[in-house]
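This is start-v3.tsv (TSV, C-alpha atoms).
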chain	number	residue	atom	x	y	z
A	1	MET	CA	138.39	100.54	128.46
A	2	PRO	CA	137.46	96.83	128.89
A	3	GLN	CA	134.31	95.73	127.33
A	4	HIS	CA	131.92	93.65	129.23
A	5	SER	CA	129.97	90.86	127.80
A	6	THR	CA	126.39	91.53	127.07
A	7	ARG	CA	125.51	87.94	127.49
A	8	ASP	CA	123.37	86.59	130.23
A	9	PRO	CA	125.47	85.87	133.36
A	10	ASP	CA	123.70	82.54	133.89
A	11	ASP	CA	124.88	81.39	130.43
A	12	MET	CA	128.41	82.36	131.33
A	13	VAL	CA	128.37	80.30	134.54
A	14	HIS	CA	126.93	77.36	132.64
A	15	GLU	CA	129.68	77.62	130.02
A	16	LEU	CA	132.40	77.73	132.65
A	17	LEU	CA	131.10	74.70	134.54
A	18	THR	CA	130.31	72.53	131.51
A	19	PRO	CA	133.28	71.03	129.59
A	20	PRO	CA	133.34	71.85	125.92
A	21	ARG	CA	131.54	69.34	123.69
A	22	ARG	CA	133.79	67.27	121.58
A	23	ARG	CA	132.74	65.68	118.39
A	24	ARG	CA	133.78	62.32	119.75
A	25	GLU	CA	135.15	61.01	123.02
A	26	GLN	CA	138.65	59.44	122.94
A	27	GLY	CA	138.87	55.60	122.67
A	28	PHE	CA	137.03	52.97	120.63
A	29	THR	CA	133.42	51.96	120.67
A	30	LEU	CA	132.37	48.37	121.27
A	31	PRO	CA	131.34	47.76	117.62
A	32	GLU	CA	134.73	49.05	116.44
A	33	LEU	CA	136.55	46.70	118.82
A	34	LEU	CA	134.42	43.75	117.69
A	35	ILE	CA	135.16	44.45	114.03
A	36	VAL	CA	138.91	44.60	114.71
A	37	ILE	CA	138.77	41.32	116.67
A	38	VAL	CA	136.85	39.56	113.86
A	39	VAL	CA	139.23	40.81	111.14
A	40	ALA	CA	142.31	39.87	113.20
A	41	SER	CA	140.83	36.40	113.84
A	42	ILE	CA	140.22	35.82	110.13
A	43	VAL	CA	143.80	36.86	109.29
A	44	ALA	CA	145.19	34.62	112.07
A	45	VAL	CA	143.21	31.61	110.83
A	46	ALA	CA	144.40	32.19	107.25
A	47	PHE	CA	148.06	32.42	108.30
A	48	SER	CA	147.83	29.41	110.62
A	49	THR	CA	146.31	27.34	107.80
A	50	MET	CA	149.14	28.35	105.49
A	51	PHE	CA	151.70	27.53	108.19
A	52	ILE	CA	150.18	24.10	108.84
A	53	GLU	CA	150.23	23.29	105.12
A	54	ALA	CA	153.87	24.39	104.89
A	55	VAL	CA	154.78	22.08	107.80
A	56	LYS	CA	152.92	19.16	106.17
A	57	THR	CA	154.73	19.77	102.89
A	58	TYR	CA	158.07	19.82	104.68
A	59	GLN	CA	157.26	16.55	106.49
A	60	PHE	CA	156.19	14.95	103.18
A	61	MET	CA	159.39	16.01	101.43
A	62	ASP	CA	161.55	14.94	104.38
A	63	ALA	CA	159.97	11.46	104.48
A	64	GLU	CA	160.38	11.11	100.71
A	65	LYS	CA	164.03	12.15	100.93
A	66	ASP	CA	164.70	9.60	103.68
A	67	MET	CA	163.05	6.80	101.69
A	68	LEU	CA	164.98	7.71	98.53
A	69	GLU	CA	168.24	7.68	100.49
A	70	ASP	CA	167.41	4.21	101.86
A	71	ALA	CA	166.54	2.91	98.39
A	72	ARG	CA	169.70	4.31	96.80
A	73	TYR	CA	171.87	2.96	99.58
A	74	ALA	CA	170.33	-0.51	99.25
A	75	GLU	CA	170.79	-0.52	95.46
A	76	GLU	CA	174.39	0.62	95.77
A	77	ARG	CA	175.16	-2.03	98.39
A	78	VAL	CA	173.63	-4.82	96.28
A	79	SER	CA	175.58	-3.64	93.25
A	80	ARG	CA	178.85	-3.44	95.18
A	81	GLU	CA	178.40	-6.89	96.72
A	82	LEU	CA	177.47	-8.49	93.38
A	83	LYS	CA	180.85	-7.41	92.08
A	84	ARG	CA	182.39	-9.61	94.77
A	85	VAL	CA	180.71	-12.92	93.79
A	86	LYS	CA	183.43	-15.58	93.97
A	87	ASP	CA	182.68	-17.45	90.72
A	88	ASN	CA	179.86	-18.76	88.55
A	89	THR	CA	179.05	-21.57	90.98
A	90	SER	CA	178.76	-19.29	94.04
A	91	ILE	CA	175.14	-18.09	93.74
A	92	THR	CA	173.13	-20.20	96.19
A	93	THR	CA	169.71	-18.52	96.17
A	94	ALA	CA	168.08	-16.38	93.48
A	95	SER	CA	164.38	-15.72	94.04
A	96	ALA	CA	162.23	-12.61	93.70
A	97	THR	CA	162.81	-11.64	97.33
A	98	THR	CA	166.15	-13.25	98.23
A	99	LEU	CA	169.58	-13.28	96.66
A	100	ALA	CA	172.42	-15.20	98.32
A	101	PHE	CA	175.97	-16.08	97.25
A	102	VAL	CA	179.51	-16.67	98.43
A	103	ASP	CA	181.91	-13.75	97.90
A	104	ARG	CA	185.64	-13.76	97.11
A	105	GLY	CA	186.48	-13.87	100.80
A	106	ASN	CA	184.35	-17.04	101.19
A	107	ALA	CA	181.76	-15.11	103.21
A	108	THR	CA	178.09	-16.02	102.74
A	109	VAL	CA	176.20	-12.89	101.67
A	110	SER	CA	172.44	-12.51	101.30
A	111	PHE	CA	169.86	-9.84	100.62
A	112	SER	CA	166.37	-10.79	101.75
A	113	TRP	CA	162.90	-9.43	102.36
A	114	SER	CA	160.15	-11.37	104.13
A	115	GLY	CA	157.47	-10.39	101.63
A	116	VAL	CA	155.44	-8.57	104.30
A	117	SER	CA	154.60	-4.95	103.47
A	118	GLY	CA	156.51	-2.63	105.78
A	119	ALA	CA	159.23	-5.18	106.64
A	120	ASN	CA	162.91	-4.30	106.22
A	121	LEU	CA	165.33	-5.36	103.49
A	122	LEU	CA	168.13	-7.21	105.26
A	123	TYR	CA	171.77	-7.59	104.30
A	124	THR	CA	173.41	-10.58	105.97
A	125	LYS	CA	177.11	-11.44	105.83
A	126	ASN	CA	178.36	-14.53	107.67
A	127	GLY	CA	175.24	-14.56	109.86
A	128	SER	CA	175.41	-10.90	110.91
A	129	SER	CA	172.38	-8.92	109.66
A	130	GLN	CA	171.81	-5.24	109.16
A	131	THR	CA	168.91	-3.27	107.72
A	132	LEU	CA	169.51	-1.82	104.25
A	133	ALA	CA	166.09	-0.26	103.77
A	134	LYS	CA	163.21	0.26	106.19
A	135	GLY	CA	159.55	-0.14	105.32
A	136	VAL	CA	159.83	-2.15	102.11
A	137	ASP	CA	156.40	-2.44	100.49
A	138	SER	CA	157.52	-4.40	97.44
A	139	LEU	CA	160.78	-5.94	96.27
A	140	ALA	CA	161.65	-7.93	93.19
A	141	PHE	CA	164.99	-9.23	92.06
A	142	GLN	CA	164.98	-10.18	88.37
A	143	TYR	CA	167.75	-12.12	86.71
A	144	TRP	CA	169.08	-11.83	83.16
A	145	THR	CA	171.42	-13.90	81.01
A	146	LYS	CA	174.44	-12.66	79.08
A	147	ASN	CA	172.34	-12.19	75.92
A	148	GLY	CA	169.69	-10.11	77.75
A	149	ALA	CA	167.00	-12.78	78.08
A	150	ALA	CA	165.28	-13.45	81.37
A	151	ALA	CA	167.23	-16.07	83.30
A	152	THR	CA	165.77	-19.08	84.99
A	153	PRO	CA	168.40	-19.08	87.70
A	154	VAL	CA	170.71	-22.07	87.77
A	155	LEU	CA	172.18	-22.23	91.25
A	156	SER	CA	175.15	-23.72	93.03
A	157	PRO	CA	176.70	-26.29	92.67
A	158	SER	CA	176.05	-25.83	88.94
A	159	ALA	CA	177.37	-22.84	87.02
A	160	THR	CA	174.79	-20.06	86.99
A	161	ASP	CA	173.38	-18.36	83.92
A	162	ILE	CA	172.83	-15.05	85.79
A	163	TRP	CA	174.76	-12.18	84.22
A	164	ARG	CA	172.80	-9.15	85.42
A	165	VAL	CA	170.38	-8.53	88.31
A	166	THR	CA	167.68	-5.84	88.32
A	167	ILE	CA	166.15	-4.62	91.55
A	168	TYR	CA	162.72	-3.08	91.86
A	169	MET	CA	161.96	-1.73	95.32
A	170	ARG	CA	159.06	0.29	96.69
A	171	LEU	CA	159.31	1.75	100.17
A	172	ILE	CA	156.38	2.92	102.26
A	173	LYS	CA	156.20	5.36	105.18
A	174	GLY	CA	152.73	6.25	106.38
A	175	SER	CA	150.72	6.95	103.26
A	176	GLN	CA	153.77	7.83	101.14
A	177	THR	CA	155.56	5.50	98.79
A	178	VAL	CA	158.76	5.80	96.78
A	179	ALA	CA	159.76	3.38	94.05
A	180	SER	CA	163.25	2.78	92.70
A	181	PHE	CA	164.72	0.59	90.02
A	182	GLY	CA	168.34	-0.37	89.57
A	183	ALA	CA	170.56	-2.94	87.92
A	184	ALA	CA	173.92	-4.54	88.63
A	185	PHE	CA	176.22	-6.87	86.77
A	186	VAL	CA	177.64	-9.93	88.47
A	187	ARG	CA	181.29	-9.13	87.88
A	188	SER	CA	182.96	-12.48	88.32
A	189	LEU	CA	180.73	-14.30	85.90
Go ahead and express the file in the form of structure tokens.
Amino acid sequence: MPQHSTRDPDDMVHELLTPPRRRREQGFTLPELLIVIVVASIVAVAFSTMFIEAVKTYQFMDAEKDMLEDARYAEERVSRELKRVKDNTSITTASATTLAFVDRGNATVSFSWSGVSGANLLYTKNGSSQTLAKGVDSLAFQYWTKNGAAATPVLSPSATDIWRVTIYMRLIKGSQTVASFGAAFVRSL
């Protein structure tokens, strides 16, 4: 035999019409959403700062690599050309910023820098110029005798006392600088 509830019928109607109470409604409250937004913003700022620093570091290293390549190429070219000096009366100019001579093929060759920071180091052969290094901040050719003493260059038409040439070059790009130092022997002398 079915048992009937002994409860008040009005309570039963109220229970049927009212949804059951949940501990919490589904979804997020406004304070919870605000906290998530603030935390996500802080994380995004931290990662973007790290990313920006990584890009700056890459740009710095790339600029330095380019300047070092220019400096090495210029030093190698000067060294190679000095091995082609015609004879000991062929050096026509030997200053701190310019070196000129006649090579074995009777071509006039010069390496020159204007002395203005940021100007290019130029290689000229028979009047045709090309840039060896861009953005030269400082350049100094130094000349040495056969016994290793500093040379006071004797130039053409007299026989020169230059046996070795050292090259100091500093390149600049933006706020970055790279310095290089090299030496070359004048082969024909």
Leaving out A:Met169 and any residue of its chain fewer than 6 positions from it, which residues lie within 6 Å of it when counting only C-alpha atoms, given as a JSON list (two decimals) with C-alpha atoms, keeping the file's coordinate frame?
[["chain", "number", "residue", "atom", "x", "y", "z"],
["A", 138, "SER", "CA", 157.52, -4.40, 97.44],
["A", 139, "LEU", "CA", 160.78, -5.94, 96.27],
["A", 179, "ALA", "CA", 159.76, 3.38, 94.05],
["A", 180, "SER", "CA", 163.25, 2.78, 92.70]]
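Nearest residue to A:Ser114, choosing from A:Ile172, A:Val136, A:Val39, A:Ala71 and counting all atoms listed in the file: A:Val136.
Between atom CA of A:Asp70 and atom CA of A:Val85 there is a distance of 23.1 Å.
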Discussion item. Just want the 9 Å neighbourhood of A:Lys173, counted on all atoms listed in the file, with same-chain residues fewer than 5 positions away dropped. Output as a ChimeraX atom specification.
Written reply: /A:63-64,67,118,134-136,178
The residue from A:Lys125, A:Arg77, A:Arg72, A:Lys86 with the smallest atom-to-atom distance to A:Leu171, counting all atoms listed in the file, is A:Arg72
As a check of understanding: the span from atom CA of A:Glu32 to atom CA of A:Thr49 is 26.1 Å
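Among the candidate residues A:Asp137, A:Trp144, A:Ala184, A:Leu82, the one lying nearest to A:Ser117 is A:Asp137, with distances computed using only C-alpha atoms.
Each of A:Ile167, A:Ala40, A:Leu34, A:Val154 was checked against A:Phe111 using only C-alpha atoms; the smallest atom-to-atom distance is that of A:Ile167.
Going from atom CA of A:Leu68 over to atom CA of A:Thr92, you cover 29.2 Å.
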Residues within 12 Å of A:Ala149, all atoms listed in the file, excluding chain neighbours under 5 positions, as a PyMOL selection string = chain A and resi 142-144+161-165
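With all atoms listed in the file as the basis for measurement, A:Ile91 is the residue among A:Val78, A:Ile91, A:Ala46, A:Ala159 that approaches A:Asn106 most closely.
Every protein, DNA or RNA residue with an atom at most 12 Å from A:Asp103, where all atoms listed in the file count and chain neighbours fewer than 6 positions away do not, is listed here: A:Arg80, A:Glu81, A:Leu82, A:Lys83, A:Arg84, A:Val85, A:Lys86, A:Asp87, A:Asn88, A:Thr89, A:Ser90, A:Ile91, A:Thr92, A:Val109, A:Ser110, A:Lys125, A:Asn126, A:Val186, A:Arg187, A:Ser188.
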May I have the protein, DNA and RNA residues with an atom at most 7 Å from (164.6, -12.2, 101.0), counting all atoms listed in the file in the file's coordinates, returned as a VMD selection string? chain A and resid 97 to 99 111 to 114
